[in-house]
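K.L.:
Pasting work.cif below, which is mmCIF, C-alpha atoms; chains and numbers go by the auth columns.
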```cif
data_query
#
loop_
_atom_site.group_PDB
_atom_site.id
_atom_site.type_symbol
_atom_site.label_atom_id
_atom_site.label_comp_id
_atom_site.label_asym_id
_atom_site.label_seq_id
_atom_site.Cartn_x
_atom_site.Cartn_y
_atom_site.Cartn_z
_atom_site.B_iso_or_equiv
_atom_site.auth_seq_id
_atom_site.auth_asym_id
ATOM 1 C CA MET A 1 5.867 18.921 -10.377 0.00 298 A
ATOM 2 C CA ASN A 2 5.562 21.047 -13.506 0.00 299 A
ATOM 3 C CA ASN A 3 2.731 18.708 -14.621 0.00 300 A
ATOM 4 C CA TYR A 4 0.733 19.808 -11.587 0.00 301 A
ATOM 5 C CA TYR A 5 0.990 23.494 -12.505 0.00 302 A
ATOM 6 C CA ASN A 6 0.088 22.699 -16.118 0.00 303 A
ATOM 7 C CA ALA A 7 -2.884 20.682 -14.856 0.00 304 A
ATOM 8 C CA LEU A 8 -4.039 23.696 -12.843 0.00 305 A
ATOM 9 C CA ALA A 9 -3.861 25.784 -16.056 0.00 306 A
ATOM 10 C CA GLU A 10 -5.994 23.179 -17.833 0.00 307 A
ATOM 11 C CA VAL A 11 -8.485 23.120 -14.960 0.00 308 A
ATOM 12 C CA ASP A 12 -8.703 26.922 -14.928 0.00 309 A
ATOM 13 C CA THR A 13 -9.468 26.964 -18.648 0.00 310 A
ATOM 14 C CA ILE A 14 -12.124 24.261 -18.288 0.00 311 A
ATOM 15 C CA LEU A 15 -13.758 25.994 -15.315 0.00 312 A
ATOM 16 C CA ASN A 16 -14.234 29.074 -17.491 0.00 313 A
ATOM 17 C CA TYR A 17 -16.563 27.002 -19.674 0.00 314 A
ATOM 18 C CA LEU A 18 -18.838 26.036 -16.779 0.00 315 A
ATOM 19 C CA ILE A 19 -22.228 27.644 -16.539 0.00 316 A
ATOM 20 C CA GLU A 20 -22.227 30.427 -13.969 0.00 317 A
ATOM 21 C CA GLU A 21 -24.445 28.508 -11.538 0.00 318 A
ATOM 22 C CA ASP A 22 -21.980 25.590 -11.369 0.00 319 A
ATOM 23 C CA TYR A 23 -18.946 27.883 -11.325 0.00 320 A
ATOM 24 C CA ASN A 24 -20.357 29.661 -8.270 0.00 321 A
ATOM 25 C CA LYS A 25 -20.711 26.351 -6.401 0.00 322 A
ATOM 26 C CA ILE A 26 -16.924 26.073 -6.217 0.00 323 A
ATOM 27 C CA PRO A 27 -15.557 28.058 -3.253 0.00 324 A
ATOM 28 C CA LYS A 28 -13.762 31.274 -4.190 0.00 325 A
ATOM 29 C CA ASN A 29 -10.613 30.296 -2.272 0.00 326 A
ATOM 30 C CA ILE A 30 -10.300 27.116 -4.392 0.00 327 A
ATOM 31 C CA ILE A 31 -10.631 29.065 -7.636 0.00 328 A
ATOM 32 C CA GLU A 32 -8.156 31.679 -6.395 0.00 329 A
ATOM 33 C CA ALA A 33 -5.659 28.951 -5.460 0.00 330 A
ATOM 34 C CA ILE A 34 -5.984 27.409 -8.928 0.00 331 A
ATOM 35 C CA LYS A 35 -5.448 30.783 -10.616 0.00 332 A
ATOM 36 C CA LYS A 36 -2.542 31.685 -8.325 0.00 333 A
ATOM 37 C CA ASN A 37 -0.670 28.382 -8.713 0.00 334 A
ATOM 38 C CA LYS A 38 -1.274 27.561 -12.389 0.00 335 A
ATOM 39 C CA ASN A 39 1.484 27.760 -14.976 0.00 336 A
ATOM 40 C CA ASN A 40 0.727 31.029 -16.756 0.00 337 A
ATOM 41 C CA ASP A 41 3.093 30.134 -19.611 0.00 338 A
ATOM 42 C CA TYR A 42 1.201 26.932 -20.421 0.00 339 A
ATOM 43 C CA VAL A 43 -1.560 27.352 -22.995 0.00 340 A
ATOM 44 C CA PHE A 44 -4.324 24.776 -23.086 0.00 341 A
ATOM 45 C CA GLN A 45 -6.741 24.766 -26.006 0.00 342 A
ATOM 46 C CA TYR A 46 -10.181 23.596 -24.942 0.00 343 A
ATOM 47 C CA ASN A 47 -12.320 22.453 -27.863 0.00 344 A
ATOM 48 C CA GLU A 48 -15.986 23.271 -27.215 0.00 345 A
ATOM 49 C CA ASN A 49 -17.064 20.871 -29.975 0.00 346 A
ATOM 50 C CA ILE A 50 -15.640 17.856 -28.143 0.00 347 A
ATOM 51 C CA GLU A 51 -17.098 16.432 -24.923 0.00 348 A
ATOM 52 C CA LEU A 52 -14.926 16.890 -21.842 0.00 349 A
ATOM 53 C CA LYS A 53 -14.333 13.134 -21.535 0.00 350 A
ATOM 54 C CA ASN A 54 -12.842 13.124 -25.057 0.00 351 A
ATOM 55 C CA GLN A 55 -10.511 16.092 -24.502 0.00 352 A
ATOM 56 C CA GLU A 56 -6.810 15.340 -24.230 0.00 353 A
ATOM 57 C CA LEU A 57 -6.228 15.959 -20.523 0.00 354 A
ATOM 58 C CA SER A 58 -3.409 14.946 -18.224 0.00 355 A
ATOM 59 C CA ALA A 59 -4.045 12.462 -15.421 0.00 356 A
ATOM 60 C CA GLU A 60 -3.509 15.272 -12.901 0.00 357 A
ATOM 61 C CA THR A 61 -6.156 17.415 -14.606 0.00 358 A
ATOM 62 C CA LYS A 62 -8.648 14.553 -14.562 0.00 359 A
ATOM 63 C CA ALA A 63 -7.985 13.950 -10.860 0.00 360 A
ATOM 64 C CA ILE A 64 -8.461 17.627 -9.964 0.00 361 A
ATOM 65 C CA LEU A 65 -11.656 17.865 -12.024 0.00 362 A
ATOM 66 C CA PHE A 66 -12.979 14.669 -10.446 0.00 363 A
ATOM 67 C CA ASN A 67 -12.392 16.053 -6.950 0.00 364 A
ATOM 68 C CA LEU A 68 -14.051 19.369 -7.817 0.00 365 A
ATOM 69 C CA PHE A 69 -17.023 17.524 -9.285 0.00 366 A
ATOM 70 C CA ARG A 70 -17.333 15.162 -6.321 0.00 367 A
ATOM 71 C CA ASP A 71 -16.968 17.866 -3.675 0.00 368 A
ATOM 72 C CA TYR A 72 -18.927 20.763 -5.191 0.00 369 A
ATOM 73 C CA LEU A 73 -20.884 19.986 -8.360 0.00 370 A
ATOM 74 C CA CYS A 74 -22.528 16.572 -8.125 0.00 371 A
ATOM 75 C CA THR A 75 -25.978 15.813 -6.794 0.00 372 A
ATOM 76 C CA PRO A 76 -26.388 13.960 -3.469 0.00 373 A
ATOM 77 C CA GLU A 77 -27.292 10.801 -5.413 0.00 374 A
ATOM 78 C CA GLN A 78 -24.155 11.084 -7.546 0.00 375 A
ATOM 79 C CA LYS A 79 -22.073 11.729 -4.451 0.00 376 A
ATOM 80 C CA GLU A 80 -23.452 8.583 -2.808 0.00 377 A
ATOM 81 C CA LYS A 81 -22.729 6.566 -5.954 0.00 378 A
ATOM 82 C CA ILE A 82 -19.166 7.896 -6.058 0.00 379 A
ATOM 83 C CA LYS A 83 -18.615 7.012 -2.387 0.00 380 A
ATOM 84 C CA ARG A 84 -19.825 3.437 -3.004 0.00 381 A
ATOM 85 C CA TRP A 85 -17.631 3.162 -6.109 0.00 382 A
ATOM 86 C CA GLN A 86 -14.557 4.430 -4.214 0.00 383 A
ATOM 87 C CA GLN A 87 -15.237 2.052 -1.312 0.00 384 A
ATOM 88 C CA GLU A 88 -15.535 -0.898 -3.702 0.00 385 A
ATOM 89 C CA ASP A 89 -12.325 0.217 -5.405 0.00 386 A
ATOM 90 C CA ARG A 90 -10.499 0.355 -2.054 0.00 387 A
ATOM 91 C CA ILE A 91 -11.748 -3.139 -1.159 0.00 388 A
ATOM 92 C CA LYS A 92 -10.575 -4.526 -4.527 0.00 389 A
ATOM 93 C CA ALA A 93 -7.162 -2.888 -4.108 0.00 390 A
ATOM 94 C CA GLU A 94 -6.854 -4.315 -0.584 0.00 391 A
ATOM 95 C CA LYS A 95 -7.767 -7.810 -1.832 0.00 392 A
ATOM 96 C CA LYS A 96 -5.166 -7.563 -4.596 0.00 393 A
ATOM 97 C CA LYS A 97 -2.550 -6.465 -2.093 0.00 394 A
ATOM 98 C CA ASN A 98 -3.448 -9.335 0.251 0.00 395 A
ATOM 99 C CA GLU A 99 -3.253 -11.834 -2.615 0.00 396 A
ATOM 100 C CA LYS A 100 0.066 -10.468 -3.798 0.00 397 A
ATOM 101 C CA TYR A 101 1.735 -10.400 -0.411 0.00 398 A
ATOM 102 C CA ASN A 102 -0.406 -13.134 1.207 0.00 399 A
ATOM 103 C CA TYR A 103 0.335 -12.293 4.810 0.00 400 A
ATOM 104 C CA GLU A 104 -0.812 -15.688 6.148 0.00 401 A
ATOM 105 C CA ASP A 105 1.725 -17.589 4.039 0.00 402 A
ATOM 106 C CA LEU A 106 4.569 -15.134 4.475 0.00 403 A
ATOM 107 C CA PHE A 107 6.362 -17.201 7.097 0.00 404 A
ATOM 108 C CA LYS A 108 5.215 -20.674 6.080 0.00 405 A
ATOM 109 C CA ARG A 109 7.907 -23.026 4.932 0.00 406 A
ATOM 110 C CA LYS A 110 8.582 -23.505 1.254 0.00 407 A
ATOM 111 C CA GLU A 111 9.113 -27.012 -0.032 0.00 408 A
ATOM 112 C CA ASN A 112 11.861 -27.499 -2.610 0.00 409 A
ATOM 113 C CA LYS A 113 12.902 -30.708 -4.326 0.00 410 A
ATOM 114 C CA ILE A 114 16.578 -31.164 -5.045 0.00 411 A
ATOM 115 C CA SER A 115 18.037 -34.038 -6.983 0.00 412 A
ATOM 116 C CA ILE A 116 21.783 -34.633 -6.717 0.00 413 A
ATOM 117 C CA VAL A 117 23.714 -36.478 -9.407 0.00 414 A
ATOM 118 C CA GLU A 118 27.250 -37.578 -8.509 0.00 415 A
ATOM 119 C CA ASN A 119 29.529 -40.018 -10.363 0.00 416 A
ATOM 120 C CA GLY A 120 26.676 -40.836 -12.732 0.00 417 A
ATOM 121 C CA ASN A 121 24.496 -42.053 -9.867 0.00 418 A
ATOM 122 C CA ASP A 122 21.229 -40.317 -9.265 0.00 419 A
ATOM 123 C CA TYR A 123 20.723 -40.094 -5.516 0.00 420 A
ATOM 124 C CA GLN A 124 17.221 -40.237 -4.275 0.00 421 A
ATOM 125 C CA GLU A 125 15.361 -36.970 -4.368 0.00 422 A
ATOM 126 C CA LYS A 126 15.670 -34.987 -1.185 0.00 423 A
ATOM 127 C CA ARG A 127 12.975 -32.757 0.108 0.00 424 A
ATOM 128 C CA LEU A 128 14.223 -29.694 1.854 0.00 425 A
ATOM 129 C CA MET A 129 12.032 -27.480 3.919 0.00 426 A
ATOM 130 C CA LYS A 130 13.283 -23.931 3.864 0.00 427 A
ATOM 131 C CA TYR A 131 12.153 -20.521 4.831 0.00 428 A
ATOM 132 C CA HIS A 132 13.350 -17.913 2.386 0.00 429 A
ATOM 133 C CA GLN A 133 16.617 -18.933 0.855 0.00 430 A
ATOM 134 C CA SER A 134 19.271 -16.322 1.403 0.00 431 A
ATOM 135 C CA LEU A 135 21.500 -15.090 -1.377 0.00 432 A
ATOM 136 C CA PHE A 136 24.472 -16.787 0.273 0.00 433 A
ATOM 137 C CA GLU A 137 22.671 -20.135 0.279 0.00 434 A
ATOM 138 C CA LYS A 138 21.741 -19.739 -3.398 0.00 435 A
ATOM 139 C CA ILE A 139 25.346 -18.971 -4.342 0.00 436 A
ATOM 140 C CA LYS A 140 26.573 -21.900 -2.253 0.00 437 A
ATOM 141 C CA GLU A 141 24.074 -24.228 -3.950 0.00 438 A
ATOM 142 C CA TRP A 142 25.073 -22.987 -7.399 0.00 439 A
ATOM 143 C CA LEU A 143 28.794 -23.423 -6.669 0.00 440 A
ATOM 144 C CA THR A 144 28.187 -26.928 -5.327 0.00 441 A
ATOM 145 C CA SER A 145 26.242 -27.939 -8.426 0.00 442 A
ATOM 146 C CA MET A 146 28.949 -26.441 -10.668 0.00 443 A
ATOM 147 C CA LEU A 147 31.670 -28.345 -8.797 0.00 444 A
ATOM 148 C CA ILE A 148 29.718 -31.586 -9.134 0.00 445 A
ATOM 149 C CA LYS A 149 29.251 -30.987 -12.876 0.00 446 A
ATOM 150 C CA PHE A 150 32.927 -30.106 -13.260 0.00 447 A
ATOM 151 C CA LYS A 151 33.926 -33.246 -11.337 0.00 448 A
ATOM 152 C CA ASN A 152 31.670 -35.404 -13.548 0.00 449 A
ATOM 153 C CA ASN A 153 33.015 -33.857 -16.760 0.00 450 A
ATOM 154 C CA LYS A 154 36.623 -34.494 -15.697 0.00 451 A
ATOM 155 C CA LYS A 155 36.084 -38.256 -15.528 0.00 452 A
#
```
Using structure tokens, write down the structure that the file contains.

P.N.:
Amino acid sequence: MNNYYNALAEVDTILNYLIEEDYNKIPKNIIEAIKKNKNNDYVFQYNENIELKNQELSAETKAILFNLFRDYLCTPEQKEKIKRWQQEDRIKAEKKKNEKYNYEDLFKRKENKISIVENGNDYQEKRLMKYHQSLFEKIKEWLTSMLIKFKNNKK
């Protein structure tokens, strides 16, 4: 949470470097909230010789500045471009989530092949159709295979 208050201090410093016309576009209550909630003990050194994008800023600072730019400083064309970009980003994130969790296949059966070797004889491969194998079943399978190995090693 301290990062947030430090980010507000960074934002306050950066806003002081805006031209007056842009500074006045930001509502007074937003600026007052930033000043009121910033960490007054945190000192941020803004380097005027370096572009803003090359300044060392926290992720929180970048997010706050992005929101201020989007909501108060950008042109209508830029705002439209940002909206399209954010929509595309949301769609990509949703696709990734769907691929990762693949809701359609969530309850489909999984096919596992198990080969059992006992007394040196390799039994034919069995195909087992299972839903999600529980921890108990995994432990049981492991113990069974260990017992079979132990039995084979004894002979």

K.L.:
Using all atoms listed in the file, which of the listed residues (A:Leu362, A:Arg367, A:Asn321, A:Lys332) sits closest to Leu349 in chain A?

P.N.:
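With all atoms listed in the file as the atom set, the closest residue is A:Leu362.
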
K.L.:
Mind giving me the straight-line distance from CA of Phe366 in chain A to CA of Val340 in chain A in Å, one decimal?

P.N.:
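Interatomic distance here is 22.9 Å.
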
K.L.:
Could you expand the PyMOL selection byres ((chain A and resi 300) around 10) into the explicit residues it covers here, written as a list in words?

P.N.:
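This file, filtered by the PyMOL selection byres ((chain A and resi 300) around 10), leaves Met298, Asn299, Tyr301, Tyr302, Asn303, Ala304, Leu305, Ala306, Lys335, Asn336, Ser355, Ala356, Glu357 and Thr358 of chain A.
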
K.L.:
Could you state the separation of CA of Leu354 in chain A and CA of Phe341 in chain A in Å, given to one decimal place?

P.N.:
9.4 Å

K.L.:
Distance CA of Ile323 in chain A-CA of Leu365 in chain A, one decimal place?

P.N.:
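Value for the CA of Ile323 in chain A-CA of Leu365 in chain A distance: 7.5 Å.
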
K.L.:
Could you list, as a ChimeraX atom specification, every residue within 12 Å of Pro324 in chain A, counting only C-alpha atoms and ignoring same-chain residues fewer than 3 positions away?

P.N.:
/A:319-321,327-331,365,368-370

K.L.:
With distances taken over all atoms listed in the file, which of A:Glu307, A:Lys437, A:Lys448, A:Lys378 is nearest to Ile361 in chain A?

P.N.:
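Under the stated criterion, the closest residue is A:Glu307.
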
K.L.:
Could you tell me which of A:Glu345, A:Glu434, A:Glu374, A:Asp386 comes closest to Thr310 in chain A if we count all atoms listed in the file?

P.N.:
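Smallest separation from Thr310 in chain A among the options: A:Glu345.
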
K.L.:
For Asn346 in chain A, which residue out of A:Lys325, A:Pro373, A:Tyr398, A:Tyr314 is the nearest one, using all atoms listed in the file?

P.N.:
A:Tyr314
